[in-house]
Structure formats: C-alpha cells, structure tokens
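J.: Got a structure here, written out as structure tokens. Questions coming.
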Amino acid sequence: MFELIINNSTDNGRLSLILKGEVDISSAPEFKSRLYEAVGEGDKDIELFCDELTYIDSTGLGILVGALKRVKKNDCNVYIYQLKENIRKLFRITGLERVFILEEIA
Amino acid sequence: MNGIVDEIIMQLPQKADYVSLVRLTASGIASRTGFDIDTIEDIKVAISEVCNKIISYNHEQCNEHYKITFKLFPNKFKVLFNVTNHLARNMFEGEEGNFAKLIISSLMDEFTVRCDGDCTITMGKNLGDYPNE
C-alpha cells in the first residue's frame with residue numbers, strides 16, 4: 001500500500017508530493033493515475049519527498065520516468081528528496097540517479 | 001546442485017495481489033538462510049521483479065498459476081521460475097523490462113535464463129564470500 005499526498009499550492013511554485021509506503025505492481029495503477037493527474041501538462045517542477053517510501057520496483061520507477069518526461073517537455077524537472085539507501089541503490093543501478101535530481105534536504 | 005538442504009515450492013495465481021506474499025515468504029526464507037537485512041531486501045526486490053514480469057505479461061490469464069521454487073543450500077539460496085519460451089524472450093523488453101534486468105543482475109550473484117522447450121529463470125545469492133557453484 002502507498003500514500004501520495006499532493007500539495008499544488010506551494011510558495012516556490014512547485015508541485016509538492018509526499019510518497020509513502022510501497023509502490024509495487026499491485027499499487028502501481030493507482031499511483032500512476034494519481035501522479036499523472038497531479039502532474040497534468042507538466043508545466044511545474046515537481047518535488048517528491050520519499051523519506052517514508054519503503055519499497056519501489058521497476059514498474060514504479062517507470063511511472064516516475066513518465067512524469068519526468070512530461071515536465072521535461074516544459075523544461076521543468078523532478079527533484080527527489082530523502083530517498084532511503086535501499087531505494088537510492090535502485091536509482092543508481094538503473095542510471096536514474098543521473099536522470100532525476102536527487103537531494104537529501106529540500 | 002549438490003548439498004541442497006531444503007526445497008520450498010510456491011504456486012500462486014498470476015495476480016498482482018499476491019506479490020507482497022512472495023516478498024514476505026522470500027524474506028523469511030532468506031532470513032532463515034542467514035542473510036543480513038540489506039541482502040534480504042535485495043533478494044525481495046529481485047524476486048518481485050520476475051513476479052511482476054510474469055504477471056504483467058500474462059495479465060489476461062489471471063486464473064492461471066505460476067510456480068516459484070526456492071532451493072536452500074548451506075551457503076547459498078536459489079530461486080527458480082518456470083516460464084514459457086515466449087515470455088522469457090519478451091519479459092525484459094522495453095524501458096521497465098530493462099530496469100528490471102539491471103536491478104536483478106546487480107542485486108543477485110547469479111541470474112540466468114536457460115531454455116529447453118520452456119525456460120527456467122534462476123537467481124542465486126551466496127552467503128558471505130562463498131563462490132558460485
């Protein structure tokens with residue numbers, strides 16, 4: 001199970017998201033639908049806080065890449081904060097560490 | 001395959017709902033084998049990736065089942081999946097398929113797909129510094 005908290009009215013103009021729990025093949029369809037709805041046309045930078053994200057698989061990573069592609073069309077970016085080490089390792093293995101902007105603190 | 005201690009076989013419906021059950025079971029078996037928490041996490045991730053691909057590929061056949069065999073050795077742990085030749089040739093295609101392949105091959109010590117009619121996907125993890133067989 002996962003939880004996605006969406007804040008679309010931040011002071012910095014970014015779409016702010018908090019992702020918690022497990023994103024796997026079971027929860028991926030709902031995650032994809034809610035994330036892409038929030039991202040819309042992709043005209044804002046996205047900040048994604050993941051300190052309580054405990055599991056994500058290749059399906060979830062693919063969904064995040066989909067969101068990144070949308071915002072890149074508008075020269076925006078996806079900033080990912082506070083990944084746990086076991087998940088950061090997956091970003092490293094897949095080369096996504098160089099595709100997203102990974103930071104420890106917002 | 002000498003020195004096998006125990007073999008555990010799971011047969012599951014090809015439904016996403018049960019992948020968390022596979023992760024839980026894999027975690028228990030890997031823990032019993034003696035792996036540390038970080039390695040158990042890696043094993044869970046790798047096994048789930050194969051389950052995902054089997055389920056995604058066969059999403060119209062959710063009444064079918066698939067089999068996972070866990071083989072426990074004194075110093076290693078192996079997981080085997082039997083899949084069709086067609087599935088084995090296609091399951092790691094595309095962007096997500098490539099992510100899955102990279103993840104599995106990086107996290108596991110052994111990752112092979114052998115076909116003789118149907119195919120067997122084998123993943124292995126060694127305990128400590130023991131070499132592959």
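Simple scheme: letters A, B, ... for chains in structure tokens order, numbers from 1 for residues in each chain, numbers from 1 for ligands in the order shown.
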Can you write out as a Markdown table which residues of chain A fall within 12 Å of chain B, alongside each residue's closest atom pair and its distance in Å to one decimal, counting only C-alpha atoms and ordering rows by chain and ascending residue number?
T.:
| residue | atom | partner | partner_atom | distance |
| --- | --- | --- | --- | --- |
| A:Met1 | CA | B:Ser20 | CA | 9.8 |
| A:Glu22 | CA | B:Ser20 | CA | 9.7 |
| A:Val23 | CA | B:Ser20 | CA | 10.7 |
| A:Asp24 | CA | B:Val19 | CA | 8.4 |
| A:Ile25 | CA | B:Ala16 | CA | 5.8 |
| A:Ser26 | CA | B:Ala16 | CA | 4.8 |
| A:Ser27 | CA | B:Ala16 | CA | 8.6 |
| A:Ala28 | CA | B:Ala16 | CA | 9.8 |
| A:Pro29 | CA | B:Ala16 | CA | 10.7 |
| A:Thr54 | CA | B:Glu41 | CA | 10.3 |
| A:Tyr55 | CA | B:Val45 | CA | 8.3 |
| A:Ile56 | CA | B:Val45 | CA | 8.4 |
| A:Asp57 | CA | B:Glu49 | CA | 6.9 |
| A:Ser58 | CA | B:Ala100 | CA | 5.5 |
| A:Thr59 | CA | B:Glu96 | CA | 6.1 |
| A:Gly60 | CA | B:Glu96 | CA | 8.9 |
| A:Leu61 | CA | B:Glu96 | CA | 7.6 |
| A:Gly62 | CA | B:Glu96 | CA | 5.6 |
| A:Ile63 | CA | B:Glu96 | CA | 9.1 |
| A:Leu64 | CA | B:Glu96 | CA | 11.0 |
| A:Val65 | CA | B:Glu95 | CA | 9.5 |
| A:Gly66 | CA | B:Glu95 | CA | 10.5 |
| A:Lys84 | CA | B:Asp38 | CA | 11.8 |
| A:Glu85 | CA | B:Asp38 | CA | 9.7 |
| A:Asn86 | CA | B:Asp38 | CA | 7.5 |
| A:Ile87 | CA | B:Asp42 | CA | 9.9 |
| A:Arg88 | CA | B:Ile103 | CA | 11.9 |
| A:Lys89 | CA | B:Ile103 | CA | 9.2 |
| A:Leu90 | CA | B:Ile103 | CA | 6.6 |
| A:Phe91 | CA | B:Ile103 | CA | 9.3 |
| A:Arg92 | CA | B:Ile103 | CA | 9.6 |
| A:Ile93 | CA | B:Ile103 | CA | 6.2 |
| A:Thr94 | CA | B:Phe99 | CA | 5.6 |
| A:Gly95 | CA | B:Phe99 | CA | 8.9 |
| A:Leu96 | CA | B:Phe99 | CA | 9.5 |
J.: Would you please give, as a count of residues only, all residues of segment 37-116 of chain B that DSSP assigns to helix (DSSP H, G or I) based on the backbone?
T.: 41
J.: Assign secondary structure with DSSP using the backbone only, and return the residues of chain B in strand (DSSP E) as a PyMOL selection string.
T.: chain B and resi 6-13+65-72+76-83+110-116+118-126
J.: Please, what distance in Å, to one decimal, runs between atom CA of Glu93 of chain B and atom CA of Val79 of chain B?
T.: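 According to the coordinates, atom CA of Glu93 of chain B and atom CA of Val79 of chain B are separated by 21.4 Å.
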